[in-house]
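Data file: work_37.txt. Format and content: compact mmCIF, N, CA and C atoms.
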```
# COMPACT_ATOMS: atom_id res chain seq x y z
N MET A 203 73.28 86.11 103.62
CA MET A 203 73.92 85.10 102.81
C MET A 203 75.30 85.60 102.36
N TYR A 204 76.27 84.70 102.39
CA TYR A 204 77.62 85.01 101.93
C TYR A 204 78.07 83.93 100.95
N ARG A 205 78.60 84.36 99.81
CA ARG A 205 79.17 83.44 98.82
C ARG A 205 80.48 84.03 98.33
N ALA A 206 81.45 83.16 98.07
CA ALA A 206 82.73 83.61 97.53
C ALA A 206 83.18 82.68 96.42
N LYS A 207 83.84 83.26 95.46
CA LYS A 207 84.39 82.50 94.33
C LYS A 207 85.81 83.00 94.09
N GLU A 208 86.71 82.07 93.87
CA GLU A 208 88.09 82.45 93.58
C GLU A 208 88.35 82.36 92.08
N LEU A 209 88.99 83.40 91.56
CA LEU A 209 89.37 83.45 90.15
C LEU A 209 90.89 83.42 90.05
N THR A 210 91.40 82.88 88.95
CA THR A 210 92.81 82.98 88.64
C THR A 210 92.93 83.74 87.33
N VAL A 211 93.72 84.80 87.35
CA VAL A 211 93.91 85.62 86.17
C VAL A 211 95.35 85.43 85.70
N ALA A 212 95.50 84.87 84.51
CA ALA A 212 96.82 84.67 83.92
C ALA A 212 97.20 85.94 83.16
N THR A 213 98.25 86.60 83.62
CA THR A 213 98.70 87.81 82.94
C THR A 213 99.86 87.48 82.01
N ARG A 214 100.08 88.33 81.04
CA ARG A 214 101.20 88.17 80.10
C ARG A 214 102.29 89.21 80.38
N GLY A 215 102.19 89.85 81.53
CA GLY A 215 103.11 90.92 81.88
C GLY A 215 102.33 92.20 82.10
N ARG A 216 103.04 93.29 82.24
CA ARG A 216 102.44 94.57 82.59
C ARG A 216 101.28 94.91 81.66
N GLY A 217 100.18 95.33 82.27
CA GLY A 217 99.02 95.72 81.49
C GLY A 217 97.73 95.48 82.25
N PHE A 218 96.63 95.66 81.56
CA PHE A 218 95.29 95.59 82.14
C PHE A 218 94.58 94.34 81.64
N TYR A 219 93.90 93.65 82.55
CA TYR A 219 93.19 92.42 82.23
C TYR A 219 91.76 92.54 82.73
N ASP A 220 90.82 92.58 81.79
CA ASP A 220 89.42 92.81 82.09
C ASP A 220 88.81 91.57 82.75
N ILE A 221 88.30 91.74 83.97
CA ILE A 221 87.66 90.62 84.68
C ILE A 221 86.18 90.92 84.94
N THR A 222 85.64 91.92 84.27
CA THR A 222 84.24 92.32 84.49
C THR A 222 83.29 91.13 84.31
N GLY A 223 83.46 90.39 83.23
CA GLY A 223 82.58 89.25 82.96
C GLY A 223 82.65 88.19 84.03
N GLU A 224 83.86 87.88 84.49
CA GLU A 224 84.02 86.87 85.54
C GLU A 224 83.38 87.33 86.85
N VAL A 225 83.51 88.62 87.16
CA VAL A 225 82.88 89.16 88.37
C VAL A 225 81.36 89.08 88.24
N GLN A 226 80.84 89.48 87.09
CA GLN A 226 79.38 89.42 86.88
C GLN A 226 78.88 87.98 87.03
N ARG A 227 79.62 87.01 86.47
CA ARG A 227 79.21 85.60 86.60
C ARG A 227 79.21 85.15 88.06
N ALA A 228 80.22 85.57 88.81
CA ALA A 228 80.29 85.21 90.23
C ALA A 228 79.10 85.79 90.99
N VAL A 229 78.72 87.02 90.67
CA VAL A 229 77.55 87.63 91.33
C VAL A 229 76.29 86.86 90.96
N GLU A 230 76.12 86.56 89.68
CA GLU A 230 74.93 85.80 89.24
C GLU A 230 74.87 84.44 89.91
N GLU A 231 76.02 83.73 89.97
CA GLU A 231 76.06 82.40 90.58
C GLU A 231 75.78 82.43 92.08
N SER A 232 76.01 83.58 92.71
CA SER A 232 75.77 83.68 94.16
C SER A 232 74.28 83.63 94.49
N GLY A 233 73.45 84.00 93.53
CA GLY A 233 72.01 84.03 93.77
C GLY A 233 71.53 85.29 94.46
N ALA A 234 72.43 86.19 94.79
CA ALA A 234 72.06 87.43 95.47
C ALA A 234 71.31 88.35 94.51
N ARG A 235 70.24 88.95 94.99
CA ARG A 235 69.50 89.94 94.19
C ARG A 235 69.95 91.35 94.55
N GLU A 236 70.23 91.57 95.83
CA GLU A 236 70.69 92.87 96.34
C GLU A 236 71.82 92.60 97.32
N GLY A 237 72.76 93.51 97.42
CA GLY A 237 73.83 93.32 98.40
C GLY A 237 75.10 94.06 97.99
N LEU A 238 76.23 93.45 98.36
CA LEU A 238 77.52 94.06 98.10
C LEU A 238 78.49 93.01 97.60
N CYS A 239 79.21 93.36 96.55
CA CYS A 239 80.24 92.49 95.99
C CYS A 239 81.60 93.12 96.30
N THR A 240 82.46 92.35 96.93
CA THR A 240 83.82 92.79 97.20
C THR A 240 84.76 91.95 96.35
N ILE A 241 85.65 92.61 95.64
CA ILE A 241 86.65 91.95 94.82
C ILE A 241 87.99 92.22 95.47
N PHE A 242 88.73 91.14 95.80
CA PHE A 242 90.00 91.27 96.52
C PHE A 242 91.10 90.57 95.74
N LEU A 243 92.20 91.27 95.51
CA LEU A 243 93.38 90.74 94.83
C LEU A 243 94.43 90.37 95.87
N HIS A 244 94.90 89.13 95.87
CA HIS A 244 95.79 88.61 96.90
C HIS A 244 97.27 88.81 96.56
N HIS A 245 97.66 89.99 96.10
CA HIS A 245 99.04 90.20 95.67
C HIS A 245 99.52 91.62 96.01
N THR A 246 100.84 91.79 96.03
CA THR A 246 101.42 93.10 96.36
C THR A 246 102.16 93.74 95.19
N SER A 247 102.02 93.16 94.00
CA SER A 247 102.66 93.76 92.82
C SER A 247 101.70 93.82 91.64
N ALA A 248 100.42 93.86 91.95
CA ALA A 248 99.35 94.07 90.97
C ALA A 248 98.22 94.75 91.73
N SER A 249 97.28 95.32 91.01
CA SER A 249 96.17 95.98 91.69
C SER A 249 94.88 95.82 90.90
N LEU A 250 93.80 96.27 91.53
CA LEU A 250 92.48 96.26 90.89
C LEU A 250 92.12 97.69 90.50
N LEU A 251 91.38 97.78 89.43
CA LEU A 251 91.02 99.09 88.91
C LEU A 251 89.59 99.07 88.42
N LEU A 252 88.82 100.06 88.84
CA LEU A 252 87.50 100.31 88.28
C LEU A 252 87.71 101.47 87.32
N CYS A 253 87.57 101.21 86.04
CA CYS A 253 88.03 102.18 85.04
C CYS A 253 87.10 102.19 83.83
N GLU A 254 87.19 103.25 83.06
CA GLU A 254 86.44 103.32 81.81
C GLU A 254 86.80 102.12 80.94
N ASN A 255 85.76 101.51 80.35
CA ASN A 255 85.99 100.35 79.51
C ASN A 255 85.76 100.60 78.03
N ALA A 256 85.36 101.81 77.67
CA ALA A 256 85.03 102.09 76.27
C ALA A 256 86.24 102.49 75.43
N ASP A 257 87.13 103.28 75.99
CA ASP A 257 88.27 103.79 75.24
C ASP A 257 89.57 103.24 75.83
N PRO A 258 90.25 102.34 75.12
CA PRO A 258 91.50 101.76 75.64
C PRO A 258 92.60 102.79 75.86
N ASP A 259 92.47 103.97 75.26
CA ASP A 259 93.47 105.02 75.48
C ASP A 259 93.51 105.48 76.93
N VAL A 260 92.39 105.34 77.65
CA VAL A 260 92.37 105.70 79.07
C VAL A 260 93.39 104.84 79.82
N ARG A 261 93.36 103.54 79.58
CA ARG A 261 94.30 102.64 80.25
C ARG A 261 95.73 102.86 79.78
N LYS A 262 95.91 103.13 78.50
CA LYS A 262 97.25 103.44 77.99
C LYS A 262 97.80 104.70 78.64
N ASP A 263 96.95 105.71 78.81
CA ASP A 263 97.38 106.95 79.46
C ASP A 263 97.72 106.72 80.94
N LEU A 264 96.95 105.87 81.62
CA LEU A 264 97.27 105.54 83.01
C LEU A 264 98.63 104.86 83.11
N GLU A 265 98.90 103.92 82.21
CA GLU A 265 100.19 103.24 82.21
C GLU A 265 101.32 104.23 81.92
N SER A 266 101.11 105.14 80.98
CA SER A 266 102.13 106.16 80.67
C SER A 266 102.40 107.04 81.88
N PHE A 267 101.34 107.45 82.57
CA PHE A 267 101.49 108.28 83.75
C PHE A 267 102.29 107.56 84.83
N PHE A 268 101.91 106.30 85.12
CA PHE A 268 102.61 105.55 86.17
C PHE A 268 104.04 105.22 85.77
N SER A 269 104.30 105.03 84.48
CA SER A 269 105.67 104.80 84.02
C SER A 269 106.54 106.01 84.27
N ARG A 270 105.96 107.18 84.19
CA ARG A 270 106.70 108.41 84.48
C ARG A 270 106.85 108.62 85.99
N LEU A 271 105.80 108.29 86.72
CA LEU A 271 105.78 108.50 88.17
C LEU A 271 106.71 107.53 88.90
N VAL A 272 106.68 106.26 88.50
CA VAL A 272 107.44 105.20 89.18
C VAL A 272 108.22 104.43 88.12
N LYS A 273 109.48 104.81 87.95
CA LYS A 273 110.31 104.23 86.89
C LYS A 273 110.95 102.91 87.31
N ASP A 274 110.93 101.94 86.39
CA ASP A 274 111.65 100.69 86.62
C ASP A 274 113.14 100.98 86.73
N GLY A 275 113.80 100.30 87.65
CA GLY A 275 115.25 100.44 87.81
C GLY A 275 115.69 101.73 88.47
N ASP A 276 114.79 102.48 89.05
CA ASP A 276 115.15 103.73 89.71
C ASP A 276 116.17 103.43 90.82
N PRO A 277 117.32 104.11 90.82
CA PRO A 277 118.34 103.83 91.85
C PRO A 277 117.88 104.19 93.27
N LEU A 278 116.78 104.88 93.41
CA LEU A 278 116.21 105.18 94.71
C LEU A 278 115.85 103.89 95.47
N PHE A 279 115.45 102.85 94.72
CA PHE A 279 114.94 101.62 95.32
C PHE A 279 116.05 100.61 95.60
N ARG A 280 116.04 100.08 96.82
CA ARG A 280 116.98 99.02 97.20
C ARG A 280 116.40 97.63 96.94
N HIS A 281 115.07 97.51 97.07
CA HIS A 281 114.40 96.21 96.91
C HIS A 281 114.29 95.89 95.42
N ASP A 282 115.20 95.04 94.94
CA ASP A 282 115.17 94.64 93.52
C ASP A 282 115.46 93.15 93.37
N ALA A 283 115.07 92.37 94.38
CA ALA A 283 115.37 90.94 94.41
C ALA A 283 114.86 90.20 93.18
N GLU A 284 113.76 90.66 92.61
CA GLU A 284 113.17 89.97 91.45
C GLU A 284 113.33 90.78 90.17
N GLY A 285 114.19 91.79 90.19
CA GLY A 285 114.43 92.56 88.98
C GLY A 285 114.13 94.03 89.14
N PRO A 286 114.42 94.82 88.11
CA PRO A 286 114.26 96.28 88.19
C PRO A 286 112.81 96.75 88.28
N ASP A 287 111.85 95.87 87.98
CA ASP A 287 110.44 96.24 88.10
C ASP A 287 109.84 95.82 89.43
N ASP A 288 110.64 95.21 90.32
CA ASP A 288 110.14 94.66 91.58
C ASP A 288 109.57 95.74 92.50
N MET A 289 110.40 96.64 92.99
CA MET A 289 109.91 97.68 93.90
C MET A 289 108.96 98.65 93.21
N PRO A 290 109.20 99.05 91.96
CA PRO A 290 108.20 99.89 91.30
C PRO A 290 106.80 99.25 91.26
N ALA A 291 106.74 97.92 91.12
CA ALA A 291 105.44 97.25 91.12
C ALA A 291 104.77 97.38 92.49
N HIS A 292 105.56 97.28 93.57
CA HIS A 292 104.99 97.45 94.91
C HIS A 292 104.50 98.88 95.11
N VAL A 293 105.26 99.86 94.65
CA VAL A 293 104.85 101.26 94.79
C VAL A 293 103.54 101.50 94.03
N ARG A 294 103.47 101.01 92.81
CA ARG A 294 102.25 101.17 92.01
C ARG A 294 101.04 100.58 92.74
N THR A 295 101.26 99.43 93.39
CA THR A 295 100.16 98.78 94.10
C THR A 295 99.68 99.61 95.28
N VAL A 296 100.61 100.14 96.09
CA VAL A 296 100.17 100.91 97.26
C VAL A 296 99.56 102.25 96.86
N LEU A 297 99.87 102.74 95.68
CA LEU A 297 99.26 103.98 95.20
C LEU A 297 97.88 103.75 94.58
N THR A 298 97.54 102.51 94.33
CA THR A 298 96.24 102.19 93.74
C THR A 298 95.42 101.43 94.78
N GLN A 299 94.96 100.21 94.46
CA GLN A 299 94.16 99.47 95.44
C GLN A 299 94.16 97.99 95.11
N ASN A 300 93.90 97.19 96.14
CA ASN A 300 93.81 95.75 95.91
C ASN A 300 92.43 95.20 96.24
N SER A 301 91.46 96.09 96.50
CA SER A 301 90.08 95.63 96.66
C SER A 301 89.12 96.69 96.16
N LEU A 302 87.96 96.23 95.72
CA LEU A 302 86.89 97.10 95.23
C LEU A 302 85.58 96.62 95.84
N ASN A 303 84.67 97.55 96.05
CA ASN A 303 83.30 97.22 96.48
C ASN A 303 82.34 97.73 95.41
N VAL A 304 81.43 96.86 95.00
CA VAL A 304 80.45 97.21 93.97
C VAL A 304 79.08 96.77 94.48
N PRO A 305 78.08 97.65 94.41
CA PRO A 305 76.74 97.23 94.85
C PRO A 305 76.17 96.16 93.92
N VAL A 306 75.35 95.28 94.51
CA VAL A 306 74.63 94.28 93.74
C VAL A 306 73.17 94.73 93.69
N LYS A 307 72.64 94.81 92.49
CA LYS A 307 71.25 95.24 92.30
C LYS A 307 70.65 94.41 91.17
N GLY A 308 69.51 93.85 91.42
CA GLY A 308 68.84 93.06 90.39
C GLY A 308 69.64 91.83 89.98
N GLY A 309 70.44 91.30 90.88
CA GLY A 309 71.18 90.08 90.61
C GLY A 309 72.47 90.27 89.85
N GLU A 310 72.93 91.53 89.71
CA GLU A 310 74.20 91.76 89.00
C GLU A 310 74.99 92.89 89.66
N ALA A 311 76.28 92.90 89.38
CA ALA A 311 77.12 94.00 89.85
C ALA A 311 76.63 95.26 89.16
N ASN A 312 76.27 96.26 89.96
CA ASN A 312 75.64 97.47 89.46
C ASN A 312 76.70 98.50 89.06
N LEU A 313 77.37 98.21 87.95
CA LEU A 313 78.41 99.09 87.44
C LEU A 313 77.80 100.22 86.61
N GLY A 314 78.56 101.31 86.50
CA GLY A 314 78.15 102.41 85.64
C GLY A 314 78.29 102.02 84.17
N THR A 315 77.71 102.84 83.30
CA THR A 315 77.67 102.55 81.87
C THR A 315 79.05 102.25 81.29
N TRP A 316 80.05 103.01 81.65
CA TRP A 316 81.38 102.86 81.04
C TRP A 316 82.40 102.25 82.00
N GLN A 317 81.94 101.57 83.05
CA GLN A 317 82.86 101.02 84.04
C GLN A 317 83.18 99.56 83.77
N GLY A 318 84.46 99.23 83.89
CA GLY A 318 84.92 97.86 83.82
C GLY A 318 85.84 97.59 85.00
N ILE A 319 86.00 96.32 85.35
CA ILE A 319 86.86 95.92 86.46
C ILE A 319 88.08 95.23 85.87
N TYR A 320 89.26 95.70 86.26
CA TYR A 320 90.51 95.21 85.68
C TYR A 320 91.50 94.79 86.76
N VAL A 321 92.26 93.73 86.47
CA VAL A 321 93.49 93.48 87.20
C VAL A 321 94.56 94.26 86.45
N TRP A 322 95.30 95.07 87.18
CA TRP A 322 96.39 95.85 86.58
C TRP A 322 97.70 95.20 87.02
N GLU A 323 98.30 94.47 86.11
CA GLU A 323 99.57 93.81 86.38
C GLU A 323 100.69 94.84 86.31
N HIS A 324 101.48 94.91 87.39
CA HIS A 324 102.58 95.89 87.44
C HIS A 324 103.93 95.27 87.13
N ARG A 325 104.03 93.95 87.11
CA ARG A 325 105.28 93.29 86.78
C ARG A 325 105.39 93.13 85.26
N THR A 326 106.61 93.04 84.76
CA THR A 326 106.80 92.93 83.31
C THR A 326 106.72 91.48 82.83
N SER A 327 106.79 90.52 83.74
CA SER A 327 106.73 89.11 83.35
C SER A 327 105.34 88.54 83.66
N PRO A 328 104.97 87.43 83.04
CA PRO A 328 103.67 86.81 83.28
C PRO A 328 103.53 86.31 84.72
N HIS A 329 102.31 86.37 85.22
CA HIS A 329 101.99 85.86 86.56
C HIS A 329 100.59 85.27 86.55
N HIS A 330 100.28 84.46 87.55
CA HIS A 330 98.92 84.00 87.81
C HIS A 330 98.46 84.74 89.06
N ARG A 331 97.43 85.55 88.91
CA ARG A 331 96.93 86.38 90.00
C ARG A 331 95.64 85.80 90.56
N ARG A 332 95.57 85.74 91.90
CA ARG A 332 94.40 85.17 92.58
C ARG A 332 93.49 86.31 93.03
N VAL A 333 92.23 86.19 92.65
CA VAL A 333 91.21 87.19 92.98
C VAL A 333 90.03 86.48 93.64
N THR A 334 89.57 87.01 94.78
CA THR A 334 88.38 86.48 95.42
C THR A 334 87.24 87.46 95.22
N VAL A 335 86.12 86.94 94.75
CA VAL A 335 84.89 87.73 94.58
C VAL A 335 83.93 87.26 95.66
N SER A 336 83.59 88.14 96.60
CA SER A 336 82.69 87.81 97.70
C SER A 336 81.39 88.61 97.53
N VAL A 337 80.29 87.94 97.77
CA VAL A 337 78.98 88.59 97.66
C VAL A 337 78.23 88.38 98.98
N VAL A 338 77.77 89.48 99.56
CA VAL A 338 76.97 89.45 100.77
C VAL A 338 75.60 90.05 100.44
N SER A 339 74.56 89.34 100.84
CA SER A 339 73.22 89.89 100.60
C SER A 339 72.37 89.77 101.84
```

Please express the file's structure as structure tokens.
Amino acid sequence: MYRAKELTVATRGRGFYDITGEVQRAVEESGAREGLCTIFLHHTSASLLLCENADPDVRKDLESFFSRLVKDGDPLFRHDAEGPDDMPAHVRTVLTQNSLNVPVKGGEANLGTWQGIYVWEHRTSPHHRRVTVSVVS
């Protein structure tokens, strides 16, 4: 059996957006008891993250690290058609990931105790991000 659900995530600019609940609902609605859930983000300037959900400082530290690693407006980058955060957002995306696989067990995404699923927006302006949650059982 295969089921897919499309989500739209409205971001307010750079940061992390928890979609764990929406993914869990998609898995439950699929009717699958066991299988695999794939979460796919259809964009090149945002990414998906499986990350600790208990301490928000983890995500703040990740953003601080990436801000140091890939600076907005770096003169190294030629691609700046949409602003100084354009190419840095693409670099951040290729260094992270745009899809995740999570096992389905007992009718739910079988995440670890402290794991959450996030869209990580790399652009500084708001966007609507399209995410497909697919479940195969």

Handout entry: Nearest-residue call for Val321 of chain A, choices A:Leu250, A:Ala228, A:Val335, A:Ala291, using all atoms listed in the file
Key =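 Smallest separation from Val321 of chain A among the options: A:Leu250.
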
Exercise for the section: Would you please work out which residue, of A:Asp276, A:Glu208, A:Glu230, A:Glu284, is nearest to Glu310 of chain A when using only C-alpha atoms? Expected result: A:Glu230

Exercise for the section: Anything within 5 Å of (95.2, 95.7, 92.7): list those residues as a ChimeraX atom specification, counting only N, CA and C atoms and sticking to the file's coordinates. Expected result: /A:248-250,299-300

Practice task
Measure the distance from atom N of Thr240 of chain A to atom CA of Tyr204 of chain A in Å and round it to one decimal.
Solution key: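 Calculated distance between atom N of Thr240 of chain A and atom CA of Tyr204 of chain A is 10.1 Å.
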
Exercise for the section: For Val272 of chain A, work out the shell of residues within 8 Å, counting all atoms listed in the file and skipping chain neighbours fewer than 6 positions away, then give it as a PyMOL selection string. Expected result: chain A and resi 266+289-291+293-294

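Nearest-residue note for Arg216 of chain A: choosing from A:Ser247, A:Ser232, A:Cys253, A:Thr326, the minimum distance belongs to A:Thr326, counting all atoms listed in the file.
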
Practice task
From a DSSP pass on the backbone, collect the residues of segment 259-318 of chain A flagged as strand (DSSP E or B) and hand them back as a VMD selection string.
Solution key: chain A and resid 301 to 307 310 to 311 317 to 318

Counting only C-alpha atoms, what are the residues of segment 306-327 of chain A within 10 Å of segment 217-220 of chain A, and for each of them which pair of atoms is the nearest and at what distance in Å, to one decimal? Sort the table by chain and rising number, as JSON lines.
```
{"residue": "A:Gly318", "atom": "CA", "partner": "A:Asp220", "partner_atom": "CA", "distance": 7.0}
{"residue": "A:Ile319", "atom": "CA", "partner": "A:Asp220", "partner_atom": "CA", "distance": 5.9}
{"residue": "A:Tyr320", "atom": "CA", "partner": "A:Asp220", "partner_atom": "CA", "distance": 4.5}
{"residue": "A:Val321", "atom": "CA", "partner": "A:Tyr219", "partner_atom": "CA", "distance": 5.1}
{"residue": "A:Trp322", "atom": "CA", "partner": "A:Phe218", "partner_atom": "CA", "distance": 4.6}
{"residue": "A:Glu323", "atom": "CA", "partner": "A:Gly217", "partner_atom": "CA", "distance": 5.3}
{"residue": "A:His324", "atom": "CA", "partner": "A:Gly217", "partner_atom": "CA", "distance": 6.9}
{"residue": "A:Arg325", "atom": "CA", "partner": "A:Gly217", "partner_atom": "CA", "distance": 8.5}
{"residue": "A:Thr326", "atom": "CA", "partner": "A:Gly217", "partner_atom": "CA", "distance": 8.5}
```

Exercise for the section: Find the residues with any atom within 6.5 Å of (80.6, 97.2, 100.1); use all atoms listed in the file and the coordinates as given in the file, and write the answer as a list of chain:residue names. Expected result: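 In the file's frame, the residues around the point are A:Leu238, A:Cys239, A:Thr240, A:Asn303, A:Val304, A:Pro305.
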
Could you find all residues in chain A that DSSP calls helix (DSSP H, G or I) from the backbone, and write them as an mmCIF file with N, CA and C atoms, in the frame of the given file?
```
data_model
loop_
_atom_site.group_PDB
_atom_site.id
_atom_site.type_symbol
_atom_site.label_atom_id
_atom_site.label_comp_id
_atom_site.auth_asym_id
_atom_site.auth_seq_id
_atom_site.Cartn_x
_atom_site.Cartn_y
_atom_site.Cartn_z
ATOM 1 N N THR A 222 85.640 91.920 84.270
ATOM 2 C CA THR A 222 84.240 92.320 84.490
ATOM 3 C C THR A 222 83.290 91.130 84.310
ATOM 4 N N GLY A 223 83.460 90.390 83.230
ATOM 5 C CA GLY A 223 82.580 89.250 82.960
ATOM 6 C C GLY A 223 82.650 88.190 84.030
ATOM 7 N N GLU A 224 83.860 87.880 84.490
ATOM 8 C CA GLU A 224 84.020 86.870 85.540
ATOM 9 C C GLU A 224 83.380 87.330 86.850
ATOM 10 N N VAL A 225 83.510 88.620 87.160
ATOM 11 C CA VAL A 225 82.880 89.160 88.370
ATOM 12 C C VAL A 225 81.360 89.080 88.240
ATOM 13 N N GLN A 226 80.840 89.480 87.090
ATOM 14 C CA GLN A 226 79.380 89.420 86.880
ATOM 15 C C GLN A 226 78.880 87.980 87.030
ATOM 16 N N ARG A 227 79.620 87.010 86.470
ATOM 17 C CA ARG A 227 79.210 85.600 86.600
ATOM 18 C C ARG A 227 79.210 85.150 88.060
ATOM 19 N N ALA A 228 80.220 85.570 88.810
ATOM 20 C CA ALA A 228 80.290 85.210 90.230
ATOM 21 C C ALA A 228 79.100 85.790 90.990
ATOM 22 N N VAL A 229 78.720 87.020 90.670
ATOM 23 C CA VAL A 229 77.550 87.630 91.330
ATOM 24 C C VAL A 229 76.290 86.860 90.960
ATOM 25 N N GLU A 230 76.120 86.560 89.680
ATOM 26 C CA GLU A 230 74.930 85.800 89.240
ATOM 27 C C GLU A 230 74.870 84.440 89.910
ATOM 28 N N GLU A 231 76.020 83.730 89.970
ATOM 29 C CA GLU A 231 76.060 82.400 90.580
ATOM 30 C C GLU A 231 75.780 82.430 92.080
ATOM 31 N N SER A 232 76.010 83.580 92.710
ATOM 32 C CA SER A 232 75.770 83.680 94.160
ATOM 33 C C SER A 232 74.280 83.630 94.490
ATOM 34 N N PRO A 258 90.250 102.340 75.120
ATOM 35 C CA PRO A 258 91.500 101.760 75.640
ATOM 36 C C PRO A 258 92.600 102.790 75.860
ATOM 37 N N ASP A 259 92.470 103.970 75.260
ATOM 38 C CA ASP A 259 93.470 105.020 75.480
ATOM 39 C C ASP A 259 93.510 105.480 76.930
ATOM 40 N N VAL A 260 92.390 105.340 77.650
ATOM 41 C CA VAL A 260 92.370 105.700 79.070
ATOM 42 C C VAL A 260 93.390 104.840 79.820
ATOM 43 N N ARG A 261 93.360 103.540 79.580
ATOM 44 C CA ARG A 261 94.300 102.640 80.250
ATOM 45 C C ARG A 261 95.730 102.860 79.780
ATOM 46 N N LYS A 262 95.910 103.130 78.500
ATOM 47 C CA LYS A 262 97.250 103.440 77.990
ATOM 48 C C LYS A 262 97.800 104.700 78.640
ATOM 49 N N ASP A 263 96.950 105.710 78.810
ATOM 50 C CA ASP A 263 97.380 106.950 79.460
ATOM 51 C C ASP A 263 97.720 106.720 80.940
ATOM 52 N N LEU A 264 96.950 105.870 81.620
ATOM 53 C CA LEU A 264 97.270 105.540 83.010
ATOM 54 C C LEU A 264 98.630 104.860 83.110
ATOM 55 N N GLU A 265 98.900 103.920 82.210
ATOM 56 C CA GLU A 265 100.190 103.240 82.210
ATOM 57 C C GLU A 265 101.320 104.230 81.920
ATOM 58 N N SER A 266 101.110 105.140 80.980
ATOM 59 C CA SER A 266 102.130 106.160 80.670
ATOM 60 C C SER A 266 102.400 107.040 81.880
ATOM 61 N N PHE A 267 101.340 107.450 82.570
ATOM 62 C CA PHE A 267 101.490 108.280 83.750
ATOM 63 C C PHE A 267 102.290 107.560 84.830
ATOM 64 N N PHE A 268 101.910 106.300 85.120
ATOM 65 C CA PHE A 268 102.610 105.550 86.170
ATOM 66 C C PHE A 268 104.040 105.220 85.770
ATOM 67 N N SER A 269 104.300 105.030 84.480
ATOM 68 C CA SER A 269 105.670 104.800 84.020
ATOM 69 C C SER A 269 106.540 106.010 84.270
ATOM 70 N N ARG A 270 105.960 107.180 84.190
ATOM 71 C CA ARG A 270 106.700 108.410 84.480
ATOM 72 C C ARG A 270 106.850 108.620 85.990
ATOM 73 N N LEU A 271 105.800 108.290 86.720
ATOM 74 C CA LEU A 271 105.780 108.500 88.170
ATOM 75 C C LEU A 271 106.710 107.530 88.900
ATOM 76 N N ASP A 288 110.640 95.210 90.320
ATOM 77 C CA ASP A 288 110.140 94.660 91.580
ATOM 78 C C ASP A 288 109.570 95.740 92.500
ATOM 79 N N MET A 289 110.400 96.640 92.990
ATOM 80 C CA MET A 289 109.910 97.680 93.900
ATOM 81 C C MET A 289 108.960 98.650 93.210
ATOM 82 N N PRO A 290 109.200 99.050 91.960
ATOM 83 C CA PRO A 290 108.200 99.890 91.300
ATOM 84 C C PRO A 290 106.800 99.250 91.260
ATOM 85 N N ALA A 291 106.740 97.920 91.120
ATOM 86 C CA ALA A 291 105.440 97.250 91.120
ATOM 87 C C ALA A 291 104.770 97.380 92.490
ATOM 88 N N HIS A 292 105.560 97.280 93.570
ATOM 89 C CA HIS A 292 104.990 97.450 94.910
ATOM 90 C C HIS A 292 104.500 98.880 95.110
ATOM 91 N N VAL A 293 105.260 99.860 94.650
ATOM 92 C CA VAL A 293 104.850 101.260 94.790
ATOM 93 C C VAL A 293 103.540 101.500 94.030
ATOM 94 N N ARG A 294 103.470 101.010 92.810
ATOM 95 C CA ARG A 294 102.250 101.170 92.010
ATOM 96 C C ARG A 294 101.040 100.580 92.740
ATOM 97 N N THR A 295 101.260 99.430 93.390
ATOM 98 C CA THR A 295 100.160 98.780 94.100
ATOM 99 C C THR A 295 99.680 99.610 95.280
ATOM 100 N N VAL A 296 100.610 100.140 96.090
ATOM 101 C CA VAL A 296 100.170 100.910 97.260
ATOM 102 C C VAL A 296 99.560 102.250 96.860
ATOM 103 N N LEU A 297 99.870 102.740 95.680
ATOM 104 C CA LEU A 297 99.260 103.980 95.200
ATOM 105 C C LEU A 297 97.880 103.750 94.580
#
```

Handout entry: Atom pair atom C of His330 of chain A / atom CA of Leu251 of chain A: separation (Å)
Key =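 Calculated distance between atom C of His330 of chain A and atom CA of Leu251 of chain A is 16.2 Å.
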
Completion exercise
Between atom N of Val229 of chain A and atom CA of Ala206 of chain A lies a distance of 8.6 Å

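For the set A:Ser327, A:Pro277, A:Ser339, A:Asn255, the residue with the smallest atom-to-atom gap to Thr315 of chain A is A:Asn255, counting only N, CA and C atoms.
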
Handout entry: Shortest interatomic distance to Gly308 of chain A - which of A:Glu224, A:Glu231, A:Asp282, A:Glu236, counting all atoms listed in the file
Key = A:Glu236

Taking all atoms of segment 283-295 of chain A that the file lists and extending 8 Å past them on each side, where is the centre of the axis-aligned box and how long are its edges? Answer in Å to one decimal, as AutoDock Vina command-line options.
```
--center_x 107.5 --center_y 95.7 --center_z 91.6 --size_x 31.7 --size_y 27.5 --size_z 23.3
```

Practice task
Have a look at A:Arg227, A:Ala256, A:Arg270, A:Gly285 and name the one nearest to Trp316 of chain A; count only N, CA and C atoms.
Solution key: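 When distances to Trp316 of chain A are compared using only N, CA and C atoms, the smallest one comes from A:Ala256.
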